[in-house]
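Worksheet: one structure, shown below.
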Amino acid sequence: MKHPMTESQTLTIIRPKKLFSLRDITELWRYKELLYFFTWRDLKVRYKQTIVGVAWAIFQPLATMVIFTVFFSKLASIPSDNVPYPIFVYSGLLFWQFFSSALGDTSNCLIANQSIITKVYFPRLILPLSSVLTKLVDFFIAASILVVLMLYYGFVPKLESIIVIPLVLIISFMASVGLGLVLAAINVKYRDVRYVLPFFIQMLLFVTPVIYPASIAQKYSWLLALNPMTGVIQSARATLLGTTEINWGLIGISFAACLILLCIGVYVFKKVERYFADIV
Amino acid sequence: MEKPVIEVKNLGKKYDINHQRGGYIALRDVITNVFKSPFAFIKNRAKEIAGIQTKEEFWALKDVNFTVNKGEMLGIIGLNGAGKSTLLKILSQITPPATGEVKIYGRVGSLLEVGTGFHPELTGRENIFLNGAILGMTRREMAQKFDAIVEFSGVEKFLDTPVKYYSSGMYVRLAFSVAAHMEPDILIVDEVLAVGDAEFQKKCLGKMEQVTKNEGRTVLFVSHNLITVQKLCTRTILLEGGKIKAMGNTKEVVEQYLHNKSDSANVSATSIELNTKRNVGEIRFTDIKVSNIKGSAVIKSDDTLRIAMKYGSNFNEPLTDIRIVITVDSAHSQQTVLRLDSDVTAKTWGETLKPEGEIICETDVLNLTRGKYIVHIDFLRQGTSQDYIKNAAEFNVETDIQNYDYKINPDETVCDYVIRYRFNQK
């Protein structure tokens, strides 16, 4: 009889858990298909449940844009860096909604999937990642409207947008995942946090230059720059609509800040990860 | 000699009682507590940091050692709360152990529940892929096995219907089919066969047997159904209170489990102290004794049962609105065989109860079949539980078959009661 143990077998050692190990990363890679399936599930389910389906991803920012245009531009006459207000606010909303919805979903992902967490093992980081990926798909769908608006108003993006747009997307990705991971970990322990969260996210909208240009804050605009999404939206507008010069320094600072945020998020998440199955 | 595929060394898992009971807390409560009594909060934190913890600990598993060889089908049995599920959860890496280590050679597939991650909105076809991915199959693997999965489940016709419209039987069939085809090196199965109709169960068991015998895979199997365990497993572990009570030949272990003569009826206060899964209020049980009416710990089927419970309370005045509920479960069938409820019977202590004392519950002839029985007790005041003790005591019943005019002992795994009866022809 051939001895099966001589074949290269995977060896798993289960011990009282350590915080980090290199295996976490390779393991995450091994489970990439699950990441795909979770994202696929979320998209599929959402577009099945609503009658409007995919249109929902477009409708949401579009309707917000129309309302904001009527109230903030027409009635309140908020300046918009010399570009038409609809395209100005839409470009901001596009990134803002990606960030805020990803943040909201990430912070809820553990509780939403608790039945799976308590029954099957997989790297838990898959869950927040798939939440963000789902929102990324929405982002691309909604971005088509921006393309239409740019054609309509005759805007030609700067050549730098090939670098800047992916870069700012990565920044918003890191920002939402980083903050989302911290909130997800807190959410598992303190179940009332999720009721405060939507309010908190709504507040964030007003300290981000989505509906108004950052220039409105004048000498206090550095305060706005503390918010990484400021850098994202400013830079996106600068390259796509030419509102201002591209501020590479701002992009750099936002990138660094979000990278740190992401590291903190992963650290906190990993630290609480081992108790998830016991307390959810 | 086969090399082991699973090595478990000194495995232990502990829970804080707080975690066990409440699970999660509200941040709001934590914040109000800090403001209400900041000094108590600081003191508790300081104690925690200094390591003088006042938290109660509960070891769900302790000093568990065993190995499993390749191609073996190992059964794990024990009462509810013996640590079976915790053990499986550690082996499936869902929760980390507190002490010890486990070495596993090969790919592990765990089936703690059928249909994990099934989404009601998705169709059968979609759920097969989703569930497969959750169980660790690759897309290529699933594409290969898709037809086999569908055929095994027998739900071809409804493949493109959302599973929310499935009957529970169809749902289980589909879910189990996916699981049955995952073909890991080591399969960990919890009480999942309890669902589904008898015929499908048989099919699943057949599949599991085939998997171990023909393909040399290893299966860890937890079940309350002792007949299935005896049929499938050559070796079995008996867990009790988080420790391995017995390990070895299935028949012997099951025998020991059912007719545990060594620690018989009179389990007293010590067993309550050991049992920390409690929810203590202002009234608590301090002692429990189970015997027959003459006080003997050996209980026969045609004996009456006497359960004496001592209790204490924080009150000085007599207690009113009290309810005592005693439940007796059979260890072999896991069914509740008796429920003695002071709110149901007309014969109780009356209006009031002394703030501390002893309550005695006596029954008529039991007619329970031989085997082990477990007693759970609950003390309620004004409708809320003051002290609920799961597995508070256990007792063994012996049947004197001549008293029932039997020739042989009836199979206790099939029916929990014995009664005198006769057949005639007309």
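So you can find residues: chains in the structure tokens are A, B, ... in the order shown, residues in each start at 1, and ligands are numbered from 1 in order.
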
(request) Up to 9 Å from chain B, what residues of chain A turn up? Count only C-alpha atoms and give them as a VMD selection string. (result) chain A and resid 3 to 5 9 to 17 31 33 to 34 37 to 38 40 to 41 44 to 45 48 to 49 113 115 to 122 188 to 193 274 to 280

Fewer than 3 positions away in the same chain doesn't count, so skip those; otherwise give me all residues within 8 Å of region 228-244 of chain A, counting only C-alpha atoms, as a JSON list (two decimals) with N, CA and C atoms, in the first residue's frame.
[["chain", "number", "residue", "atom", "x", "y", "z"],
["A", 81, "ASP", "N", -16.17, 76.53, -8.22],
["A", 81, "ASP", "CA", -14.87, 76.61, -8.90],
["A", 81, "ASP", "C", -14.99, 76.83, -10.41],
["A", 82, "ASN", "N", -15.97, 77.62, -10.81],
["A", 82, "ASN", "CA", -16.14, 78.00, -12.22],
["A", 82, "ASN", "C", -16.44, 76.85, -13.18],
["A", 83, "VAL", "N", -16.96, 75.74, -12.65],
["A", 83, "VAL", "CA", -17.46, 74.71, -13.58],
["A", 83, "VAL", "C", -18.96, 74.56, -13.29],
["A", 88, "PHE", "N", -19.86, 69.45, -11.18],
["A", 88, "PHE", "CA", -19.02, 69.68, -10.00],
["A", 88, "PHE", "C", -19.47, 68.78, -8.84],
["A", 91, "SER", "N", -19.14, 64.84, -9.60],
["A", 91, "SER", "CA", -17.80, 64.26, -9.47],
["A", 91, "SER", "C", -17.45, 64.05, -7.99],
["A", 92, "GLY", "N", -17.93, 64.97, -7.15],
["A", 92, "GLY", "CA", -17.68, 64.80, -5.71],
["A", 92, "GLY", "C", -18.49, 63.65, -5.13],
["A", 95, "PHE", "N", -17.25, 59.92, -5.72],
["A", 95, "PHE", "CA", -16.23, 59.41, -4.80],
["A", 95, "PHE", "C", -16.76, 59.33, -3.37],
["A", 96, "TRP", "N", -17.56, 60.31, -3.03],
["A", 96, "TRP", "CA", -18.10, 60.31, -1.68],
["A", 96, "TRP", "C", -18.98, 59.09, -1.42],
["A", 155, "PHE", "N", -15.97, 68.67, -21.37],
["A", 155, "PHE", "CA", -14.73, 68.65, -20.58],
["A", 155, "PHE", "C", -13.80, 67.57, -21.09],
["A", 156, "VAL", "N", -12.54, 67.91, -21.23],
["A", 156, "VAL", "CA", -11.55, 66.91, -21.60],
["A", 156, "VAL", "C", -10.62, 66.70, -20.41],
["A", 157, "PRO", "N", -10.54, 65.46, -19.90],
["A", 157, "PRO", "CA", -9.69, 65.24, -18.73],
["A", 157, "PRO", "C", -8.22, 65.46, -19.05],
["A", 158, "LYS", "N", -7.46, 65.91, -18.07],
["A", 158, "LYS", "CA", -6.02, 66.08, -18.26],
["A", 158, "LYS", "C", -5.36, 64.71, -18.41],
["A", 159, "LEU", "N", -4.21, 64.73, -19.03],
["A", 159, "LEU", "CA", -3.50, 63.47, -19.27],
["A", 159, "LEU", "C", -3.13, 62.78, -17.95],
["A", 160, "GLU", "N", -2.88, 63.60, -16.92],
["A", 160, "GLU", "CA", -2.47, 63.05, -15.62],
["A", 160, "GLU", "C", -3.55, 62.16, -14.99],
["A", 161, "SER", "N", -4.80, 62.29, -15.46],
["A", 161, "SER", "CA", -5.87, 61.54, -14.81],
["A", 161, "SER", "C", -5.64, 60.04, -14.90],
["A", 164, "VAL", "N", -3.76, 59.84, -11.73],
["A", 164, "VAL", "CA", -4.43, 60.40, -10.56],
["A", 164, "VAL", "C", -5.69, 59.63, -10.18],
["A", 165, "ILE", "N", -6.52, 59.30, -11.18],
["A", 165, "ILE", "CA", -7.79, 58.64, -10.85],
["A", 165, "ILE", "C", -7.58, 57.28, -10.15],
["A", 168, "VAL", "N", -6.35, 58.07, -6.58],
["A", 168, "VAL", "CA", -7.35, 58.54, -5.61],
["A", 168, "VAL", "C", -8.34, 57.43, -5.27],
["A", 169, "LEU", "N", -8.57, 56.53, -6.22],
["A", 169, "LEU", "CA", -9.43, 55.39, -5.91],
["A", 169, "LEU", "C", -8.79, 54.51, -4.85],
["A", 171, "ILE", "N", -6.71, 55.53, -2.67],
["A", 171, "ILE", "CA", -6.78, 56.26, -1.40],
["A", 171, "ILE", "C", -8.15, 56.08, -0.75],
["A", 172, "SER", "N", -9.22, 56.24, -1.54],
["A", 172, "SER", "CA", -10.56, 56.08, -0.93],
["A", 172, "SER", "C", -10.78, 54.64, -0.50],
["A", 175, "ALA", "N", -8.97, 54.32, 2.76],
["A", 175, "ALA", "CA", -9.66, 55.08, 3.81],
["A", 175, "ALA", "C", -10.89, 54.34, 4.30],
["A", 208, "THR", "N", -16.53, 67.44, 4.17],
["A", 208, "THR", "CA", -15.81, 67.05, 2.96],
["A", 208, "THR", "C", -16.30, 67.96, 1.83],
["A", 209, "PRO", "N", -15.41, 68.48, 1.03],
["A", 209, "PRO", "CA", -15.86, 69.41, -0.02],
["A", 209, "PRO", "C", -16.56, 68.70, -1.16],
["A", 210, "VAL", "N", -17.77, 68.20, -0.89],
["A", 210, "VAL", "CA", -18.54, 67.55, -1.93],
["A", 210, "VAL", "C", -19.49, 68.55, -2.55],
["A", 214, "ALA", "N", -13.42, 73.44, -1.83],
["A", 214, "ALA", "CA", -12.58, 73.60, -0.65],
["A", 214, "ALA", "C", -12.16, 75.05, -0.48],
["A", 224, "LEU", "N", -9.69, 71.26, 6.36],
["A", 224, "LEU", "CA", -10.37, 70.30, 5.50],
["A", 224, "LEU", "C", -9.40, 69.25, 4.98],
["A", 225, "ALA", "N", -8.16, 69.67, 4.78],
["A", 225, "ALA", "CA", -7.17, 68.76, 4.21],
["A", 225, "ALA", "C", -6.86, 67.59, 5.14],
["A", 247, "ASN", "N", -2.59, 69.11, -7.08],
["A", 247, "ASN", "CA", -1.76, 69.29, -5.89],
["A", 247, "ASN", "C", -1.15, 67.94, -5.51],
["A", 250, "LEU", "N", -0.78, 67.21, -1.80],
["A", 250, "LEU", "CA", -2.01, 66.81, -1.12],
["A", 250, "LEU", "C", -2.29, 65.33, -1.34],
["A", 251, "ILE", "N", -2.08, 64.88, -2.57],
["A", 251, "ILE", "CA", -2.30, 63.46, -2.88],
["A", 251, "ILE", "C", -1.35, 62.59, -2.04],
["A", 254, "SER", "N", -2.46, 62.52, 1.60],
["A", 254, "SER", "CA", -3.66, 61.68, 1.74],
["A", 254, "SER", "C", -3.29, 60.21, 1.65],
["A", 255, "PHE", "N", -2.41, 59.92, 0.69],
["A", 255, "PHE", "CA", -2.01, 58.53, 0.50],
["A", 255, "PHE", "C", -1.34, 57.98, 1.76],
["A", 257, "ALA", "N", -1.55, 59.15, 4.82],
["A", 257, "ALA", "CA", -2.48, 59.10, 5.95],
["A", 257, "ALA", "C", -3.37, 57.86, 5.86],
["A", 258, "CYS", "N", -3.85, 57.57, 4.64],
["A", 258, "CYS", "CA", -4.76, 56.44, 4.48],
["A", 258, "CYS", "C", -4.03, 55.11, 4.64]]

(message) Taking only C-alpha atoms into account, name the residue in A:Gly265, A:Gly178, A:Pro128, A:Pro213 that is nearest to Thr106 (chain A).
(response) A:Pro128

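A straight line drawn from CA of Thr304 (chain B) to CA of Thr348 (chain B) is 17.6 Å long.
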
(request) Calculate how many Å separate CA of Asn409 (chain B) from CA of Val290 (chain B), rounding to one decimal. (result) 24.0 Å

(message) Please identify the strand (DSSP E) residues within region 104-326 of chain B (assignment by DSSP from backbone atoms) and present them as a ChimeraX atom specification.
(response) /B:104-105,108-111,186-189,218-222,235-240,243-249,283-292,299-300,304-313,319-320,322-326

Residues within 8 Å of Leu79 (chain B), only C-alpha atoms, excluding chain neighbours under 2 positions, as a PDB file with N, CA and C atoms, in the first residue's frame:
ATOM      1  N   ILE B  77     -18.894  11.398  21.158  1.00  0.00           N
ATOM      2  CA  ILE B  77     -20.200  11.445  21.802  1.00  0.00           C
ATOM      3  C   ILE B  77     -20.076  12.112  23.161  1.00  0.00           C
ATOM      4  N   GLY B  81     -23.298  20.073  26.053  1.00  0.00           N
ATOM      5  CA  GLY B  81     -22.432  20.855  26.922  1.00  0.00           C
ATOM      6  C   GLY B  81     -21.185  20.125  27.350  1.00  0.00           C
ATOM      7  N   ALA B  82     -20.920  18.960  26.753  1.00  0.00           N
ATOM      8  CA  ALA B  82     -19.717  18.218  27.133  1.00  0.00           C
ATOM      9  C   ALA B  82     -18.477  18.757  26.429  1.00  0.00           C
ATOM     10  N   LEU B 239     -16.798  12.434  25.598  1.00  0.00           N
ATOM     11  CA  LEU B 239     -16.447  13.671  26.301  1.00  0.00           C
ATOM     12  C   LEU B 239     -17.408  13.878  27.458  1.00  0.00           C
ATOM     13  N   GLU B 240     -16.846  14.354  28.534  1.00  0.00           N
ATOM     14  CA  GLU B 240     -17.704  14.684  29.668  1.00  0.00           C
ATOM     15  C   GLU B 240     -17.101  15.881  30.381  1.00  0.00           C
ATOM     16  N   ALA B 331     -30.186  10.185  28.163  1.00  0.00           N
ATOM     17  CA  ALA B 331     -28.865  10.349  27.533  1.00  0.00           C
ATOM     18  C   ALA B 331     -28.782   9.605  26.216  1.00  0.00           C
TER      19      ALA B 331
END

(request) Just list the residues in region 4-152 of chain A DSSP gives alpha helix (DSSP H) on the backbone, as a ChimeraX atom specification. (result) /A:23-30,32-49,55-68,85-112,114-117,126-152

(request) May I have the residues within 12 Å of Val219 (chain B) as a PyMOL selection string, using only C-alpha atoms and disregarding those fewer than 2 positions away in the same chain? (result) chain B and resi 5-6+68-76+88+107-111+180+183-190+205+207-213+215-217+221-222+229+232-236

(message) Env of Pro86 (chain A): 9 Å cut, atoms = only C-alpha atoms, seq-sep filter 6 positions within chain, self excluded. Answer as a PyMOL selection string.
(response) chain A and resi 65-66+68-69+73+149

May I have the selected residues written with N, CA and C atoms, as a CSV table (one decimal), in the first residue's frame?
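And here's out.csv as it stands now:
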chain,number,residue,atom,x,y,z
A,65,MET,N,-27.6,64.4,-7.1
A,65,MET,CA,-27.1,65.5,-7.8
A,65,MET,C,-28.1,66.5,-8.2
A,66,VAL,N,-29.3,66.0,-8.7
A,66,VAL,CA,-30.3,66.9,-9.1
A,66,VAL,C,-30.8,67.7,-7.9
A,68,PHE,N,-29.3,68.4,-5.1
A,68,PHE,CA,-28.2,69.3,-4.6
A,68,PHE,C,-28.1,70.5,-5.5
A,69,THR,N,-28.2,70.2,-6.8
A,69,THR,CA,-28.1,71.3,-7.8
A,69,THR,C,-29.2,72.4,-7.6
A,73,SER,N,-27.0,75.1,-5.6
A,73,SER,CA,-26.6,76.0,-6.6
A,73,SER,C,-27.6,77.0,-6.9
A,149,LEU,N,-21.9,63.3,-18.6
A,149,LEU,CA,-21.9,64.8,-18.2
A,149,LEU,C,-20.7,65.5,-18.8

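Atom to atom, CA of Ile149 (chain B) and CA of His224 (chain B) stand 27.0 Å apart.
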